$ cat structure_25.cif   # mmCIF, C-alpha atoms and all ligand atoms
data_upload
loop_
_atom_site.label_atom_id
_atom_site.label_comp_id
_atom_site.auth_asym_id
_atom_site.auth_seq_id
_atom_site.Cartn_x
_atom_site.Cartn_y
_atom_site.Cartn_z
CA MET U 1 20.84 -1.05 7.50
CA THR U 2 17.59 -2.82 8.34
CA LEU U 3 15.07 -2.73 5.54
CA ARG U 4 11.47 -3.82 5.47
CA ALA U 5 10.72 -7.39 4.45
CA ILE U 6 8.62 -6.88 1.35
CA GLU U 7 8.81 -8.48 -2.06
CA LYS U 8 7.72 -7.27 -5.44
CA SER U 9 4.11 -8.26 -6.03
CA GLN U 10 3.94 -11.82 -7.41
CA THR U 11 1.36 -10.85 -10.00
CA LEU U 12 3.91 -8.55 -11.64
CA LEU U 13 6.69 -11.13 -11.49
CA ILE U 14 4.82 -13.75 -13.53
CA ASN U 15 4.21 -11.14 -16.19
CA GLU U 16 7.93 -10.47 -16.46
CA GLN U 17 8.72 -14.18 -16.65
CA SER U 18 6.18 -14.78 -19.43
CA ARG U 19 7.53 -11.79 -21.34
CA GLN U 20 11.04 -13.23 -21.16
CA MET U 21 9.83 -16.61 -22.50
CA GLU U 22 7.99 -14.88 -25.29
CA SER U 23 10.99 -12.83 -26.34
CA GLY U 24 12.86 -16.15 -26.50
CA GLY U 25 10.36 -17.25 -29.16
CA ARG U 26 8.07 -19.47 -27.01
CA GLU U 27 4.30 -19.19 -27.28
CA VAL U 28 2.99 -18.12 -23.89
CA PHE U 29 -0.60 -18.29 -22.71
CA LYS U 30 -0.87 -15.33 -20.37
CA PHE U 31 -3.37 -16.34 -17.74
CA GLY U 32 -1.18 -14.92 -14.97
CA PHE U 33 -1.59 -11.18 -14.94
CA GLY U 34 -5.09 -9.82 -14.27
CA GLN U 35 -5.30 -6.91 -16.65
CA SER U 36 -8.49 -6.05 -18.52
CA PRO U 37 -8.17 -7.02 -22.21
CA PHE U 38 -10.82 -4.50 -23.25
CA PRO U 39 -10.17 -1.06 -24.71
CA VAL U 40 -10.86 2.02 -22.63
CA LEU U 41 -14.32 3.49 -23.18
CA PRO U 42 -13.71 5.59 -26.36
CA GLN U 43 -15.55 8.64 -24.99
CA ALA U 44 -13.27 8.65 -21.97
CA ALA U 45 -10.14 8.32 -24.12
CA ALA U 46 -11.28 11.30 -26.23
CA ALA U 47 -11.91 13.33 -23.06
CA LEU U 48 -8.42 12.49 -21.83
CA ALA U 49 -6.86 13.71 -25.08
CA ALA U 50 -8.85 16.94 -24.84
CA ALA U 51 -7.71 17.46 -21.24
CA ALA U 52 -3.99 16.84 -21.82
CA HIS U 53 -3.17 20.51 -21.23
CA ARG U 54 -4.81 20.56 -17.80
CA LYS U 55 -1.72 20.68 -15.62
CA GLU U 56 -3.09 22.02 -12.36
CA TYR U 57 -3.29 20.00 -9.16
CA ALA U 58 -6.76 18.80 -8.26
CA PRO U 59 -8.24 18.82 -4.73
CA VAL U 60 -6.98 15.91 -2.58
CA GLN U 61 -10.48 14.50 -2.28
CA GLY U 62 -11.02 14.65 -6.04
CA MET U 63 -12.66 17.15 -8.38
CA PRO U 64 -16.19 18.00 -7.19
CA GLU U 65 -17.72 17.31 -10.62
CA LEU U 66 -16.18 13.83 -10.69
CA ARG U 67 -17.30 13.06 -7.14
CA GLU U 68 -20.85 14.08 -8.11
CA ARG U 69 -20.69 11.79 -11.14
CA VAL U 70 -19.32 8.85 -9.17
CA ALA U 71 -21.98 9.20 -6.49
CA ALA U 72 -24.83 9.48 -9.02
CA PHE U 73 -23.41 6.56 -10.99
CA HIS U 74 -23.26 4.18 -8.04
CA ARG U 75 -26.69 5.28 -6.82
CA GLU U 76 -28.22 4.53 -10.22
CA ALA U 77 -26.21 1.45 -11.18
CA GLU U 78 -26.16 -0.27 -7.80
CA GLY U 79 -28.75 1.44 -5.66
CA ILE U 80 -26.36 2.38 -2.87
CA ASP U 81 -26.82 5.40 -0.64
CA ILE U 82 -23.92 7.71 -1.45
CA ASP U 83 -23.32 11.42 -1.99
CA ALA U 84 -20.38 13.37 -3.38
CA ALA U 85 -19.18 14.52 0.05
CA ARG U 86 -18.38 10.91 0.94
CA VAL U 87 -16.56 10.03 -2.29
CA LEU U 88 -12.76 10.07 -2.36
CA ILE U 89 -10.78 9.94 -5.60
CA ALA U 90 -7.12 8.84 -5.70
CA PRO U 91 -4.54 7.34 -8.07
CA GLY U 92 -5.99 3.81 -7.82
CA SER U 93 -8.15 2.05 -5.28
CA LYS U 94 -5.08 0.22 -3.98
CA ILE U 95 -3.77 3.40 -2.36
CA LEU U 96 -7.24 4.17 -1.01
CA ILE U 97 -7.40 0.78 0.71
CA TYR U 98 -3.96 1.49 2.16
CA THR U 99 -4.96 5.01 3.22
CA ALA U 100 -8.13 3.80 4.93
CA MET U 101 -6.08 1.26 6.90
CA ALA U 102 -3.33 3.82 7.57
CA SER U 103 -5.90 6.08 9.23
CA PHE U 104 -5.73 3.80 12.27
CA VAL U 105 -2.71 3.90 14.56
CA LYS U 106 -3.38 0.27 15.38
CA ALA U 107 -5.86 -2.18 13.92
CA ASP U 108 -6.50 -5.87 13.51
CA VAL U 109 -7.04 -6.59 9.84
CA LEU U 110 -9.13 -9.65 9.03
CA ILE U 111 -8.17 -10.96 5.60
CA PRO U 112 -9.81 -13.91 3.88
CA ALA U 113 -7.55 -16.61 2.46
CA PRO U 114 -7.35 -16.80 -0.47
CA ALA U 115 -7.51 -13.07 -1.20
CA TRP U 116 -5.93 -10.52 -3.49
CA VAL U 117 -2.16 -10.39 -3.07
CA SER U 118 -1.79 -6.83 -1.75
CA TYR U 119 -4.02 -6.83 1.34
CA LEU U 120 -1.56 -8.71 3.55
CA PRO U 121 1.61 -6.79 2.58
CA GLN U 122 -0.27 -3.50 3.05
CA THR U 123 -1.37 -4.60 6.52
CA LYS U 124 2.17 -5.57 7.44
CA LEU U 125 3.67 -2.34 6.06
CA LEU U 126 1.35 -0.43 8.36
CA GLY U 127 2.36 -2.50 11.36
CA HIS U 128 -1.22 -3.70 11.86
CA HIS U 129 -1.96 -7.18 13.11
CA ALA U 130 -3.21 -9.50 10.35
CA VAL U 131 -5.73 -12.24 11.10
CA GLN U 132 -6.35 -14.62 8.23
CA ILE U 133 -9.81 -16.08 7.74
CA ALA U 134 -9.55 -19.47 6.08
CA THR U 135 -12.14 -20.34 3.43
CA ASP U 136 -12.44 -23.49 1.35
CA PHE U 137 -13.52 -24.84 -2.00
CA GLU U 138 -16.67 -26.48 -0.56
CA ARG U 139 -17.92 -23.12 0.75
CA ARG U 140 -17.05 -21.45 -2.55
CA TRP U 141 -14.11 -19.64 -0.96
CA ARG U 142 -16.64 -17.43 0.90
CA VAL U 143 -16.12 -15.96 4.35
CA THR U 144 -18.76 -17.29 6.73
CA PRO U 145 -20.15 -15.58 9.86
CA GLU U 146 -18.76 -18.46 11.95
CA ALA U 147 -15.26 -17.88 10.58
CA VAL U 148 -15.55 -14.15 11.30
CA GLU U 149 -16.65 -14.96 14.85
CA ARG U 150 -13.64 -17.25 15.33
CA ALA U 151 -11.29 -14.57 13.98
CA VAL U 152 -12.74 -11.96 16.35
CA GLN U 153 -12.39 -14.34 19.29
CA ALA U 154 -8.75 -14.96 18.33
CA LYS U 155 -7.89 -11.25 18.50
CA PRO U 156 -5.13 -10.67 21.08
CA ASP U 157 -6.73 -7.41 22.26
CA LYS U 158 -10.49 -7.04 21.95
CA ASN U 159 -10.26 -3.23 22.19
CA THR U 160 -8.19 -2.86 19.03
CA PRO U 161 -10.44 -1.79 16.13
CA SER U 162 -11.19 -4.52 13.57
CA ILE U 163 -11.08 -3.97 9.82
CA LEU U 164 -12.20 -6.76 7.51
CA ILE U 165 -11.44 -6.76 3.81
CA LEU U 166 -14.07 -8.31 1.63
CA ASN U 167 -13.71 -8.63 -2.12
CA THR U 168 -16.75 -9.33 -4.24
CA PRO U 169 -16.77 -10.54 -6.98
CA GLY U 170 -13.50 -11.99 -5.83
CA ASN U 171 -9.94 -12.08 -6.98
CA PRO U 172 -8.73 -14.90 -7.20
CA ASP U 173 -12.03 -16.84 -7.31
CA GLY U 174 -14.46 -14.87 -9.52
CA LEU U 175 -17.29 -15.46 -7.05
CA GLY U 176 -19.77 -13.15 -5.37
CA TYR U 177 -21.89 -13.42 -2.23
CA THR U 178 -25.60 -14.18 -2.20
CA GLU U 179 -28.07 -11.84 -0.52
CA ALA U 180 -28.55 -14.33 2.33
CA GLU U 181 -24.79 -14.57 2.84
CA LEU U 182 -24.39 -10.77 2.93
CA LEU U 183 -27.29 -10.40 5.37
CA ALA U 184 -25.74 -12.95 7.71
CA LEU U 185 -22.31 -11.33 7.43
CA ALA U 186 -23.76 -7.86 8.03
CA GLU U 187 -25.26 -9.09 11.28
CA ILE U 188 -21.94 -10.31 12.62
CA PHE U 189 -20.08 -7.21 11.36
CA ARG U 190 -22.63 -5.07 13.22
CA ARG U 191 -22.40 -7.15 16.37
CA HIS U 192 -18.63 -6.69 16.54
CA SER U 193 -18.52 -3.13 15.09
CA ILE U 194 -16.24 -4.26 12.30
CA LEU U 195 -15.27 -1.69 9.69
CA VAL U 196 -15.39 -3.44 6.33
CA ILE U 197 -13.41 -2.35 3.31
CA SER U 198 -15.47 -3.87 0.52
CA ASP U 199 -13.27 -4.04 -2.54
CA GLU U 200 -15.82 -4.07 -5.37
CA ILE U 201 -13.48 -3.20 -8.21
CA TYR U 202 -14.99 -6.08 -10.26
CA GLY U 203 -18.61 -5.27 -9.33
CA LEU U 204 -19.56 -3.81 -12.69
CA LEU U 205 -18.08 -6.86 -14.40
CA HIS U 206 -20.54 -9.21 -12.73
CA HIS U 207 -21.33 -11.40 -15.72
CA ARG U 208 -25.08 -11.04 -15.34
CA GLY U 209 -25.07 -7.50 -14.03
CA GLU U 210 -26.25 -8.79 -10.66
CA HIS U 211 -23.55 -7.49 -8.37
CA LEU U 212 -24.68 -7.09 -4.77
CA PRO U 213 -22.81 -4.32 -2.94
CA LEU U 214 -22.20 -4.96 0.75
CA ALA U 215 -23.15 -1.33 1.49
CA LYS U 216 -26.77 -2.24 0.76
CA PHE U 217 -26.77 -4.54 3.76
CA TYR U 218 -24.25 -2.86 6.05
CA ALA U 219 -24.35 0.81 5.06
CA GLU U 220 -23.10 2.10 8.41
CA GLY U 221 -19.84 0.16 8.43
CA THR U 222 -18.78 -0.28 4.81
CA ILE U 223 -16.14 1.60 2.86
CA THR U 224 -16.65 0.55 -0.76
CA THR U 225 -13.72 0.82 -3.16
CA GLY U 226 -13.72 0.68 -6.95
CA GLY U 227 -12.46 2.64 -9.92
CA LEU U 228 -11.69 2.58 -13.62
CA SER U 229 -9.09 -0.20 -13.64
CA LYS U 230 -11.26 -3.18 -14.50
CA TRP U 231 -14.66 -2.25 -15.97
CA CYS U 232 -13.21 0.66 -17.94
CA GLY U 233 -10.09 -1.20 -19.05
CA ALA U 234 -7.91 1.58 -17.64
CA GLY U 235 -5.64 0.11 -14.93
CA GLY U 236 -2.71 2.25 -16.03
CA TRP U 237 -4.74 5.43 -15.76
CA ARG U 238 -4.68 5.00 -12.00
CA LEU U 239 -8.09 6.22 -10.97
CA GLY U 240 -9.67 4.75 -7.87
CA VAL U 241 -12.66 5.70 -5.76
CA ALA U 242 -13.67 5.08 -2.16
CA MET U 243 -17.16 5.62 -0.80
CA LEU U 244 -17.44 6.21 2.92
CA PRO U 245 -20.34 5.45 5.24
CA ARG U 246 -22.11 8.48 6.75
CA ARG U 247 -20.57 8.09 10.17
CA LEU U 248 -17.06 8.38 8.74
CA ASP U 249 -17.83 11.68 7.01
CA GLY U 250 -15.99 13.73 9.59
CA GLU U 251 -12.81 13.04 11.52
CA PHE U 252 -12.07 9.79 9.70
CA LYS U 253 -12.44 11.36 6.26
CA ASP U 254 -10.21 14.23 7.34
CA VAL U 255 -7.52 11.78 8.45
CA MET U 256 -7.71 9.95 5.11
CA LEU U 257 -7.44 13.28 3.27
CA GLY U 258 -4.55 14.31 5.50
CA ILE U 259 -2.67 11.14 4.59
CA GLY U 260 -3.57 11.66 0.92
CA SER U 261 -2.32 15.23 0.97
CA GLU U 262 1.05 14.14 2.41
CA THR U 263 1.51 11.21 0.01
CA TYR U 264 -0.22 11.01 -3.39
CA SER U 265 -1.61 14.62 -3.38
CA CYS U 266 -4.35 13.90 -5.93
CA ALA U 267 -5.30 11.78 -8.91
CA PRO U 268 -4.07 13.35 -12.18
CA THR U 269 -6.35 16.17 -13.34
CA PRO U 270 -6.69 15.01 -17.00
CA ILE U 271 -7.55 11.49 -15.82
CA GLN U 272 -10.23 12.86 -13.51
CA LEU U 273 -11.76 14.81 -16.39
CA ALA U 274 -11.72 11.66 -18.52
CA ALA U 275 -13.31 9.74 -15.65
CA CYS U 276 -16.19 12.27 -15.64
CA GLU U 277 -16.98 10.93 -19.12
CA ALA U 278 -16.81 7.29 -18.00
CA TYR U 279 -18.92 7.70 -14.87
CA GLN U 280 -22.23 8.24 -16.65
CA TRP U 281 -24.84 5.56 -16.30
CA ASN U 282 -26.22 5.89 -19.83
CA GLU U 283 -26.96 3.68 -22.86
CA ILE U 284 -23.41 3.94 -24.20
CA LEU U 285 -21.94 2.72 -20.96
CA ARG U 286 -24.48 -0.04 -20.46
CA ASP U 287 -23.78 -1.31 -23.98
CA TYR U 288 -20.01 -1.20 -23.33
CA LEU U 289 -20.49 -3.24 -20.14
CA THR U 290 -22.97 -5.68 -21.67
CA HIS U 291 -20.48 -6.78 -24.32
CA GLN U 292 -17.64 -7.19 -21.84
CA ARG U 293 -19.84 -9.17 -19.49
CA ARG U 294 -21.15 -11.62 -22.02
CA LEU U 295 -17.71 -12.22 -23.50
CA LEU U 296 -16.25 -12.89 -20.05
CA GLU U 297 -19.19 -15.09 -19.12
CA LEU U 298 -18.76 -17.25 -22.22
CA LEU U 299 -15.01 -17.70 -21.88
CA GLY U 300 -15.09 -18.11 -18.09
CA ASN U 301 -17.77 -20.77 -18.21
CA ARG U 302 -16.20 -22.73 -21.07
CA THR U 303 -12.84 -22.64 -19.32
CA ALA U 304 -14.37 -23.92 -16.09
CA GLU U 305 -16.22 -26.68 -17.95
CA LYS U 306 -13.08 -27.87 -19.76
CA LEU U 307 -11.07 -27.92 -16.56
CA ARG U 308 -13.78 -29.81 -14.73
CA ALA U 309 -13.91 -32.40 -17.50
CA ALA U 310 -10.17 -32.89 -16.89
CA GLY U 311 -10.73 -33.60 -13.19
CA VAL U 312 -9.93 -30.13 -11.89
CA ARG U 313 -12.25 -28.76 -9.21
CA VAL U 314 -13.44 -25.26 -10.04
CA HIS U 315 -16.57 -23.16 -9.52
CA PRO U 316 -18.11 -21.48 -12.58
CA PRO U 317 -17.25 -17.78 -12.30
CA GLU U 318 -19.83 -15.06 -11.56
CA GLY U 319 -17.91 -11.88 -12.18
CA GLY U 320 -14.58 -10.34 -13.13
CA PHE U 321 -12.10 -12.53 -14.99
CA TYR U 322 -10.63 -15.09 -12.63
CA LEU U 323 -10.96 -18.75 -11.80
CA PHE U 324 -9.31 -20.47 -8.86
CA PRO U 325 -8.90 -24.09 -10.01
CA ASP U 326 -7.98 -26.73 -7.45
CA PHE U 327 -5.78 -29.52 -8.88
CA SER U 328 -5.83 -31.66 -5.73
CA GLU U 329 -7.58 -34.59 -7.45
CA HIS U 330 -4.40 -34.95 -9.49
CA ALA U 331 -2.19 -34.73 -6.38
CA ALA U 332 -0.83 -38.31 -6.58
CA ALA U 333 0.04 -38.09 -10.28
CA LEU U 334 1.60 -34.65 -9.79
CA ALA U 335 3.63 -35.89 -6.80
CA ALA U 336 4.97 -38.69 -8.99
CA ARG U 337 6.26 -35.91 -11.26
CA GLY U 338 7.87 -34.17 -8.28
CA ILE U 339 5.15 -31.51 -7.94
CA THR U 340 3.95 -31.05 -4.37
CA ASP U 341 3.03 -27.38 -4.05
CA SER U 342 1.29 -24.63 -6.04
CA GLN U 343 4.52 -22.84 -6.84
CA GLY U 344 5.98 -26.03 -8.31
CA LEU U 345 2.75 -26.66 -10.18
CA CYS U 346 2.85 -23.25 -11.86
CA ALA U 347 6.56 -23.48 -12.65
CA ALA U 348 6.16 -26.94 -14.26
CA LEU U 349 3.07 -25.85 -16.16
CA LEU U 350 4.80 -22.75 -17.54
CA ALA U 351 7.90 -24.71 -18.55
CA GLY U 352 5.92 -27.61 -20.01
CA THR U 353 3.12 -25.82 -21.84
CA GLY U 354 3.79 -22.07 -21.87
CA VAL U 355 0.69 -21.56 -19.70
CA ALA U 356 1.21 -18.87 -17.05
CA LEU U 357 -0.90 -19.14 -13.89
CA LEU U 358 -0.28 -17.70 -10.45
CA PRO U 359 0.27 -20.08 -7.53
CA GLY U 360 -2.41 -20.25 -4.84
CA SER U 361 0.26 -19.57 -2.22
CA ALA U 362 0.53 -15.98 -3.54
CA PHE U 363 -3.07 -15.51 -2.38
CA GLY U 364 -2.42 -16.62 1.17
CA ILE U 365 -3.36 -20.30 1.16
CA ALA U 366 -1.03 -23.10 2.29
CA PRO U 367 1.72 -23.80 -0.27
CA GLY U 368 0.76 -27.49 -0.37
CA GLN U 369 -2.79 -26.73 -1.51
CA LEU U 370 -2.63 -27.34 -5.24
CA CYS U 371 -4.58 -24.28 -6.38
CA ALA U 372 -3.72 -21.58 -8.89
CA ARG U 373 -5.32 -18.44 -10.22
CA LEU U 374 -6.27 -18.35 -13.86
CA ALA U 375 -7.05 -14.94 -15.38
CA TYR U 376 -9.06 -15.57 -18.55
CA VAL U 377 -7.90 -12.45 -20.31
CA GLU U 378 -5.81 -14.05 -23.04
CA PHE U 379 -7.66 -12.51 -26.01
CA ASP U 380 -7.84 -9.33 -28.04
CA GLY U 381 -10.50 -7.34 -26.20
CA ALA U 382 -11.05 -4.77 -28.95
CA ALA U 383 -11.55 -7.47 -31.60
CA ALA U 384 -13.78 -9.48 -29.25
CA MET U 385 -15.96 -6.46 -28.57
CA ALA U 386 -16.27 -5.67 -32.27
CA ARG U 387 -17.27 -9.31 -32.99
CA SER U 388 -19.79 -9.27 -30.16
CA ARG U 389 -21.35 -6.08 -31.56
CA GLU U 390 -21.53 -7.62 -35.05
CA TRP U 391 -23.15 -10.73 -33.57
CA GLY U 392 -25.81 -8.49 -32.00
CA LEU U 393 -27.42 -8.57 -28.60
CA ALA U 394 -30.57 -10.32 -29.79
CA ARG U 395 -28.71 -13.62 -30.08
CA PRO U 396 -26.80 -15.05 -27.10
CA LEU U 397 -23.17 -15.93 -27.77
CA ASP U 398 -22.82 -19.67 -28.30
CA GLU U 399 -20.22 -22.34 -29.10
CA SER U 400 -19.78 -21.10 -32.64
CA PHE U 401 -18.60 -17.75 -31.29
CA LEU U 402 -15.66 -19.28 -29.39
CA PRO U 403 -13.24 -19.79 -32.31
CA LEU U 404 -13.89 -16.26 -33.58
CA VAL U 405 -11.99 -14.64 -30.73
CA PHE U 406 -11.06 -17.16 -28.09
CA SER U 407 -9.05 -19.71 -30.06
CA LYS U 408 -5.74 -18.94 -28.34
CA ALA U 409 -7.34 -18.96 -24.89
CA MET U 410 -9.02 -22.29 -25.62
CA ARG U 411 -5.73 -23.76 -26.89
CA GLY U 412 -4.12 -22.70 -23.63
CA ILE U 413 -6.83 -24.43 -21.60
CA GLU U 414 -6.50 -27.55 -23.72
CA ALA U 415 -2.75 -27.46 -23.12
CA ILE U 416 -3.38 -27.54 -19.34
CA CYS U 417 -5.78 -30.48 -19.70
CA ALA U 418 -3.38 -32.43 -21.96
CA TRP U 419 -0.45 -31.75 -19.60
CA LEU U 420 -2.44 -33.12 -16.67
N1 LIG U 501 -8.41 -4.90 -5.80
C1 LIG U 501 -8.34 -6.04 -6.48
C2 LIG U 501 -9.07 -7.23 -5.98
C3 LIG U 501 -7.59 -6.11 -7.66
O1 LIG U 501 -7.53 -7.26 -8.34
C4 LIG U 501 -6.89 -4.98 -8.10
C5 LIG U 501 -6.04 -5.01 -9.30
O2 LIG U 501 -5.54 -5.99 -9.73
C6 LIG U 501 -6.98 -3.81 -7.35
C7 LIG U 501 -7.76 -3.78 -6.21
C8 LIG U 501 -6.21 -2.57 -7.73
O3 LIG U 501 -7.01 -1.64 -8.24
P1 LIG U 501 -6.51 -0.18 -8.66
O4 LIG U 501 -5.97 -0.30 -10.03
O5 LIG U 501 -7.75 0.64 -8.56
O6 LIG U 501 -5.47 0.26 -7.68
#
$ encode --input "structure_25.cif" --output "structure tokens"
Amino acid sequence: MTLRAIEKSQTLLINEQSRQMESGGREVFKFGFGQSPFPVLPQAAAALAAAAHRKEYAPVQGMPELRERVAAFHREAEGIDIDAARVLIAPGSKILIYTAMASFVKADVLIPAPAWVSYLPQTKLLGHHAVQIATDFERRWRVTPEAVERAVQAKPDKNTPSILILNTPGNPDGLGYTEAELLALAEIFRRHSILVISDEIYGLLHHRGEHLPLAKFYAEGTITTGGLSKWCGAGGWRLGVAMLPRRLDGEFKDVMLGIGSETYSCAPTPIQLAACEAYQWNEILRDYLTHQRRLLELLGNRTAEKLRAAGVRVHPPEGGFYLFPDFSEHAAALAARGITDSQGLCAALLAGTGVALLPGSAFGIAPGQLCARLAYVEFDGAAAMARSREWGLARPLDESFLPLVFSKAMRGIEAICAWL
């Protein structure tokens, strides 16, 4: 019996490990698993309860009313050119990314390193050829046009279609692209007819509400993916969306829908009805996002500052809830303690302090690069939101707000610094 070589996703494993330590009575600082700490939008939760009896299958592409809402929402919130006919709904954006790639018999998939853990295994499962695009701390872990050019030149067969996966704001780095960077990338994507899957699942959690969608610069070649998992705190609801460029609204869309109909069938009907409530660009939603954003901005920035003060290299985050600290300035001291790779670093840190991080190697960088992903979600999101509302929007959150909701998170960060 020959089985596929695929492991359980590393992000889920760390969660299990931390849970085991906790049940053994240890205090664990859960910076490993990237799950939104915030409650689901209450209006959406109420709509889900009301729709519990809706047991019928939905269309593979998604319910028309939801697709209309999603298109209108992204047009208003982000200014992208999209209509309901080009929106696909599925149980999570992860399966939509997979389905888009599965639509090709053969493709070269260009994946930045570091990048989210699932892109590479998905590519391999499909039998596509993966080409990694190295990025570095100095260039803010951003893909550059030169690196894309090199990756294209390295393709074994120039006639094989190229798919590039971009993720902005990024997991594991929390960073976005500037307008100039996106313009330059769009030019090279256009030149080489690269289809880009732009994973913008953290777009609405840009801390300043300044997310720049790639589709604004490269409309003809961008499939944008998103969904309820992050900004609506509803990862377990499994609702993802994909927005196709005009030229793929035909044969390509039909192939995606064909694959969808033979695999996931549809996103759950009650969840789609609840999503109709969430996808409304109104005051309630903007308020809900504003509080999440400012809370994440405060904690993300303070965490980055504390780590930097302890000699850890890290960029202040721009969106989502991740940092990608680089511990290489401590390499000699860590080596003296027997720590020479990111896996060892995370294991020693968890054992020594109860702080759970994910090793950089899980995100596709060399094991010896002493980086790790820190998800700053170790707080009670419902309590934090209530405190932020009490504080009011007229006054920016400041230092005195930190102990009100982030004391455990800050203790965890201090534990890392002291351990170093
Ligand atoms: N893309 C990135 C970058 C993620 O971090 C995640 C979840 O962790 C996903 C996609 C998965 O999203 P979904 O829940 O819509 O499948």
$ residues_near_ligand --input "structure_25.cif" --ligand "ligand LIG 501 (chain U)" --cutoff "6 Å" --atoms "all atoms listed in the file" --output "list in words"
Gly34, Gly92, Ser93, Lys94, Trp116, Asn171, Asp199, Ile201, Gly227, Ser229, Gly235, Arg238 and Gly240 of chain U
$ residues_around --input "structure_25.cif" --residues "stretch 82-86 of chain U" --least-positions-apart "2" --cutoff "6 Å" --atoms "all atoms listed in the file" --output "list in words"
Arg67, Glu68, Ala71, Met243 and Leu244 of chain U
$ closest_residue --input "structure_25.cif" --among "U:Gly260, U:Gly360, U:Gly250, U:Gly32" --to "U:Ala90" --atoms "only C-alpha atoms"
U:Gly260
$ closest_residue --input "structure_25.cif" --among "U:Tyr119, U:Gly344, U:Asp398, U:Trp237" --to "U:Ala274" --atoms "all atoms listed in the file"
U:Trp237
$ residues_around --input "structure_25.cif" --residues "U:Pro316" --least-positions-apart "3" --cutoff "8 Å" --atoms "only C-alpha atoms" --output "ChimeraX atom specification"
/U:300-301,304-305,323
$ closest_residue --input "structure_25.cif" --among "U:Val312, U:Phe104, U:Gly364, U:Asn15" --to "U:Glu251" --atoms "all atoms listed in the file"
U:Phe104
$ residues_around --input "structure_25.cif" --residues "U:Thr135" --least-positions-apart "5" --cutoff "12 Å" --atoms "all atoms listed in the file" --output "JSON, numbers by chain"
{"U": [111, 112, 113, 114, 115, 140, 141, 142, 143, 144, 145, 146, 147, 148, 173, 363, 364, 365, 366]}
$ residues_around --input "structure_25.cif" --residues "U:Leu295" --least-positions-apart "4" --cutoff "12 Å" --atoms "only C-alpha atoms" --output "compact mmCIF listing (two decimals) with C-alpha atoms, keeping the file's coordinate frame"
# COMPACT_ATOMS: atom_id res chain seq x y z
CA PRO U 37 -8.17 -7.02 -22.21
CA PHE U 38 -10.82 -4.50 -23.25
CA LEU U 205 -18.08 -6.86 -14.40
CA HIS U 206 -20.54 -9.21 -12.73
CA HIS U 207 -21.33 -11.40 -15.72
CA ARG U 208 -25.08 -11.04 -15.34
CA TYR U 288 -20.01 -1.20 -23.33
CA LEU U 289 -20.49 -3.24 -20.14
CA THR U 290 -22.97 -5.68 -21.67
CA HIS U 291 -20.48 -6.78 -24.32
CA LEU U 299 -15.01 -17.70 -21.88
CA GLY U 300 -15.09 -18.11 -18.09
CA ASN U 301 -17.77 -20.77 -18.21
CA ARG U 302 -16.20 -22.73 -21.07
CA GLY U 319 -17.91 -11.88 -12.18
CA GLY U 320 -14.58 -10.34 -13.13
CA PHE U 321 -12.10 -12.53 -14.99
CA TYR U 376 -9.06 -15.57 -18.55
CA VAL U 377 -7.90 -12.45 -20.31
CA PHE U 379 -7.66 -12.51 -26.01
CA ASP U 380 -7.84 -9.33 -28.04
CA GLY U 381 -10.50 -7.34 -26.20
CA ALA U 382 -11.05 -4.77 -28.95
CA ALA U 383 -11.55 -7.47 -31.60
CA ALA U 384 -13.78 -9.48 -29.25
CA MET U 385 -15.96 -6.46 -28.57
CA ALA U 386 -16.27 -5.67 -32.27
CA ARG U 387 -17.27 -9.31 -32.99
CA SER U 388 -19.79 -9.27 -30.16
CA ARG U 389 -21.35 -6.08 -31.56
CA TRP U 391 -23.15 -10.73 -33.57
CA LEU U 393 -27.42 -8.57 -28.60
CA PRO U 396 -26.80 -15.05 -27.10
CA LEU U 397 -23.17 -15.93 -27.77
CA ASP U 398 -22.82 -19.67 -28.30
CA GLU U 399 -20.22 -22.34 -29.10
CA PHE U 401 -18.60 -17.75 -31.29
CA LEU U 402 -15.66 -19.28 -29.39
CA LEU U 404 -13.89 -16.26 -33.58
CA VAL U 405 -11.99 -14.64 -30.73
CA PHE U 406 -11.06 -17.16 -28.09
$ atom_distance --input "structure_25.cif" --atom1 "atom CA of U:His128" --atom2 "atom CA of U:Gln35"
29.0 Å
$ atom_distance --input "structure_25.cif" --atom1 "atom CA of U:Leu214" --atom2 "atom CA of U:Ser162"
16.9 Å
$ atom_distance --input "structure_25.cif" --atom1 "atom CA of U:Val255" --atom2 "atom CA of U:Ser118"
22.0 Å
$ closest_residue --input "structure_25.cif" --among "U:Thr222, U:Leu420, U:His192, U:Leu257" --to "U:Ala331" --atoms "all atoms listed in the file"
U:Leu420
$ residues_around --input "structure_25.cif" --residues "U:Ser103" --least-positions-apart "6" --cutoff "8 Å" --atoms "all atoms listed in the file" --output "list in words"
Phe252, Val255, Met256 and Ile259 of chain U
$ write_last_selection --input "structure_25.cif" --atoms "C-alpha atoms" --output "tab-separated table (two decimals), in the frame of the given file"
chain	number	residue	atom	x	y	z
U	252	PHE	CA	-12.07	9.79	9.70
U	255	VAL	CA	-7.52	11.78	8.45
U	256	MET	CA	-7.71	9.95	5.11
U	259	ILE	CA	-2.67	11.14	4.59
$ axis_aligned_box --input "structure_25.cif" --around "stretch 338-345 of chain U" --padding-each-side "3 Å" --output "AutoDock Vina command-line options"
--center_x 4.6 --center_y -28.5 --center_z -7.1 --size_x 12.6 --size_y 17.3 --size_z 12.1
$ closest_residue --input "structure_25.cif" --among "U:Thr269, U:Gln280, U:Gln20, U:Ser36" --to "U:Gly236" --atoms "all atoms listed in the file"
U:Ser36
$ closest_residue --input "structure_25.cif" --among "U:Tyr202, U:Phe31, U:Phe137, U:Phe217" --to "U:Asp81" --atoms "all atoms listed in the file"
U:Phe217
